[in-house]
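The structure appears right after this line, and notes come after that.
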Amino acid sequence: LPNRVLQYHLLIQVRLQLRISADPRRVLPVEVLVGCVGWSRCTKPPSKLSMPKKRRKYDQWGYWHLFTPLPDFDILEKNMFSNRRRHMEIRRAQPSDRKAVMALVAAVSEGDYIPYCWDDWVDDTATGISLVARLDHRLVGIAHVHFLSKRVAWFQALRVLPTARRMGVGKALSQACLDYSARAGRQVARLLIDIDNHASRSLTAQAGFSMIAEWLRLEKATGPVSAPDIEPPKQEQLPRLVELAQANGVNLWHTDWETYDLDVEALSISLRNGTLHVLADSPTATMLDISYDEEDEEYRAYNPVGEPMAVSQIVQAMESAAYERGLPRIAVLLAADSPHLPTLQQLGFEFAVINTGNGDSMIDGVTIWEYT
């Protein structure tokens with residue numbers, strides 16, 4: 001070799017077995033290409049002109065040079081598990097998928113609501129579709145689309161098996177939901193993401209969705225309180241309530257865990273579900289959708305509508321009903337710039353604070369995203 005330079009080029013390949021469960025039989029073989037490392041030892045300093053510019057650094061003992069940069073782990077992981085080398089199938093869910101779906105849901109999180117809804121979703125082919133993703137003949141993801149109206153489709157329950165993440169399963173399911181909704185004539189797709197779920201928010205933004213609402217959670221411990229009576233409104237009163245909401249700048253209506261355009265049809269759904277309430281003595285002064293959350297054991301409402309005094313009365317009525325039922329607290333979610341924020345704070349409501357993974361804290365809430 002020129003200048004008596006002894007050169008070595010090493011290709012380091014590491015084989016690992018990652019144990020993904022307590023079962024010793026369930027191991028995931030991983031092959032990692034660390035990089036190509038070249039090492040040169042000089043018996044005497046070589047001439048600078050005889051070496052490439054990037055290799056002119058030397059000393060009397062030799063030098064190390066990294067010819068191939070160490071790949072970013074995310075990129076490396078995508079290379080190892082690229083969908084281009086594996087077959088993915090997305091299709092309508094079948095009753096026979098139930099066992100695999102329940103196993104996937106259990107692997108993702110505990111206490112998920114999907115087991116209570118899945119059978120109804122699969123059976124209901126008129127107002128939506130449930131999708132499953134299969135990778136190499138193994139079920140690795142699910143998603144559900146519900147048609148809220150002739151214009152809006154609601155996306156929910158997108159879950160990906162933990163061992164199949166970063167393979168594009170979530171993106172493929174999201175695109176399949178969008179394609180199906182478009183073919184069904186829907187113009188808008190919406191979904192809800194918890195305010196602290198930064199990973200899902202980032203992926204949703206990358207998919208072309210825009211955040212259209214952010215509702216912060218306020219909560220209050222229940223206690224004995226004097227409040228007026230509340231009741232469901234009459235069907236003929238719904239147009240007046242829609243006008244009231246529009247006058248207050250409210251155009252979204254969240255009921256039954258889904259976000260509708262605020263119109264008579266949406267209020268009719270709340271009325272049929274038994275969650276829409278008004279003041280008995282002033283049925284068109286305010287309205288509130290009050291739902292019971294079994295997991296959190298609380299009454300919960302979104303975005304009160306009406307004048308401050310009427311809103312104060314209907315929220316107190318919600319607290320009175322919760323106290324009589326023995327519930328420890330009530331919660332209201334509303335926009336940070338809502339005119340009713342001072343009213344709720346005067347009633348003793350405080351922002352709910354949650355701890356993030358890095359030790360910081362933030363106000364709890366939800367975000368609504370839309371694709372048009």
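For the structure tokens, the naming scheme is as follows: chains receive sequential letters (A, B, ...) according to their order of presentation, residues are indexed from 1 within each chain, and ligands are indexed from 1 in presentation order.
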
Considering only helix (DSSP H, G or I) as DSSP defines it on the backbone, what residues of segment 49-279 of chain A qualify? List them as a PyMOL selection string. chain A and resi 49-50+53-55+73-80+83-85+95-108+114-123+162-164+169-183+198-206+235-247+264-273

Counting only C-alpha atoms, which residues in segment 227-293 of chain A sit no more than 10 Å from segment 142-159 of chain A? For each one, give the nearest pair of atoms and the distance in Å, sorted by chain then residue number, as a tab-separated table.
```
residue	atom	partner	partner_atom	distance
A:Trp257	CA	A:Gln156	CA	9.8
A:Glu258	CA	A:Trp154	CA	7.1
A:Thr259	CA	A:Trp154	CA	7.8
A:Tyr260	CA	A:Leu148	CA	6.7
A:Asp261	CA	A:Val152	CA	8.1
A:Glu265	CA	A:Ser149	CA	8.4
A:Ala266	CA	A:Leu148	CA	8.6
A:Ile269	CA	A:Leu148	CA	10.0
```

From the set A:Val169, A:Tyr113, A:Val278, A:Ala176, which residue has the shortest atom-to-atom contact distance to Arg91 of chain A, counting only C-alpha atoms?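 Of all the options, A:Ala176 lies closest to Arg91 of chain A.
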
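Atom pair atom CA of Gly223 of chain A / atom CA of Gly348 of chain A: separated by 10.9 Å.
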
Considering only C-alpha atoms, state which residue in the set A:Asn355, A:Thr204, A:Ser96, A:Gln316 is at the smallest distance from Lys220 of chain A. A:Gln316

Closest of A:Glu324, A:Glu294, A:Glu350, A:Asp263 to Leu241 of chain A - atom-to-atom distances counting only C-alpha atoms: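 Result for the nearest residue to Leu241 of chain A: A:Asp263.
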
Residue list (strand (DSSP E or B), DSSP) for segment 113-238 of chain A, as a PyMOL selection string: chain A and resi 128-135+138-147+152-160+188-194+210-221+230-231

Give me the residues within 10 Å of Ala352 of chain A as a short mmCIF file (atom, residue, chain, number, x, y, z; two decimals) with N, CA and C atoms, in the first residue's frame, counting only C-alpha atoms and dropping any in the same chain fewer than 2 places off.
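And here's selection_12.cif as it stands now:
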```
data_model
loop_
_atom_site.label_atom_id
_atom_site.label_comp_id
_atom_site.auth_asym_id
_atom_site.auth_seq_id
_atom_site.Cartn_x
_atom_site.Cartn_y
_atom_site.Cartn_z
N LEU A 216 -60.34 22.16 27.60
CA LEU A 216 -59.64 21.92 28.86
C LEU A 216 -60.62 21.41 29.91
N ARG A 217 -60.11 20.57 30.78
CA ARG A 217 -60.96 19.92 31.78
C ARG A 217 -60.92 20.70 33.10
N LEU A 218 -62.10 21.03 33.60
CA LEU A 218 -62.26 21.59 34.94
C LEU A 218 -63.09 20.61 35.75
N GLU A 219 -62.75 20.47 37.02
CA GLU A 219 -63.48 19.53 37.85
C GLU A 219 -63.72 20.11 39.24
N LYS A 220 -64.69 19.52 39.91
CA LYS A 220 -65.10 20.02 41.23
C LYS A 220 -65.63 18.86 42.05
N ALA A 331 -67.22 17.04 36.13
CA ALA A 331 -66.21 17.65 35.26
C ALA A 331 -66.91 18.34 34.10
N PHE A 349 -64.88 25.35 40.44
CA PHE A 349 -64.18 24.46 39.52
C PHE A 349 -62.71 24.88 39.40
N GLU A 350 -61.85 23.89 39.25
CA GLU A 350 -60.42 24.12 39.03
C GLU A 350 -59.94 23.27 37.86
N ILE A 354 -52.43 17.06 35.07
CA ILE A 354 -51.88 15.71 34.93
C ILE A 354 -50.37 15.81 34.82
N MET A 362 -49.29 19.41 33.15
CA MET A 362 -50.06 20.21 32.20
C MET A 362 -51.53 20.05 32.51
N ILE A 363 -52.34 20.95 31.96
CA ILE A 363 -53.78 20.89 32.16
C ILE A 363 -54.35 19.76 31.31
N ASP A 364 -55.21 18.97 31.91
CA ASP A 364 -55.84 17.85 31.21
C ASP A 364 -56.88 18.38 30.23
N GLY A 365 -57.17 17.57 29.22
CA GLY A 365 -58.17 17.97 28.25
C GLY A 365 -58.13 17.08 27.03
#
```

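The coordinates place atom CA of Glu231 of chain A at 9.4 Å from atom CA of Asp281 of chain A.
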
At a cut-off of 8 Å, using only C-alpha atoms, what residues contact His340 of chain A? Leave out same-chain residues fewer than 5 positions from it and give the result as a list in words. Pro304, Pro308 and Val311 of chain A

Put those residues in a file: all heavy atoms, as a tab-separated table (two decimals), in the first residue's frame.
```tsv
chain	number	residue	atom	x	y	z
A	304	PRO	N	-70.90	24.30	27.91
A	304	PRO	CA	-72.25	24.80	28.21
A	304	PRO	C	-72.64	25.93	27.26
A	304	PRO	O	-71.80	26.69	26.79
A	304	PRO	CB	-72.12	25.30	29.65
A	304	PRO	CG	-70.86	24.71	30.17
A	304	PRO	CD	-69.97	24.48	29.02
A	308	PRO	N	-74.53	33.52	31.29
A	308	PRO	CA	-73.79	33.06	32.47
A	308	PRO	C	-74.67	32.61	33.63
A	308	PRO	O	-74.39	31.58	34.26
A	308	PRO	CB	-72.94	34.28	32.85
A	308	PRO	CG	-72.74	35.00	31.56
A	308	PRO	CD	-74.01	34.81	30.79
A	311	VAL	N	-76.22	29.25	32.76
A	311	VAL	CA	-75.19	28.21	32.77
A	311	VAL	C	-74.83	27.84	34.20
A	311	VAL	O	-74.68	26.65	34.54
A	311	VAL	CB	-73.95	28.68	31.99
A	311	VAL	CG1	-72.76	27.75	32.24
A	311	VAL	CG2	-74.25	28.75	30.50
```

Can you pull out every residue within 8 Å of Ala280 of chain A, counting only C-alpha atoms, but drop anything in the same chain fewer than 3 positions away, and send it as a PyMOL selection string? chain A and resi 228-231+283

Pick from A:Val225, A:Ser338, A:Val160, A:Glu89 nearest to Asp136 of chain A, counting only C-alpha atoms: A:Glu89

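Distance check against Arg165 of chain A using only C-alpha atoms: of A:His87, A:Asn251, A:Val140, A:Asp97, the minimum falls on A:Val140.
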
Length of the atom CA of Leu334 of chain A to atom CA of Tyr116 of chain A vector [Å]: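 Computing the Euclidean distance for atom CA of Leu334 of chain A and atom CA of Tyr116 of chain A yields 27.5 Å.
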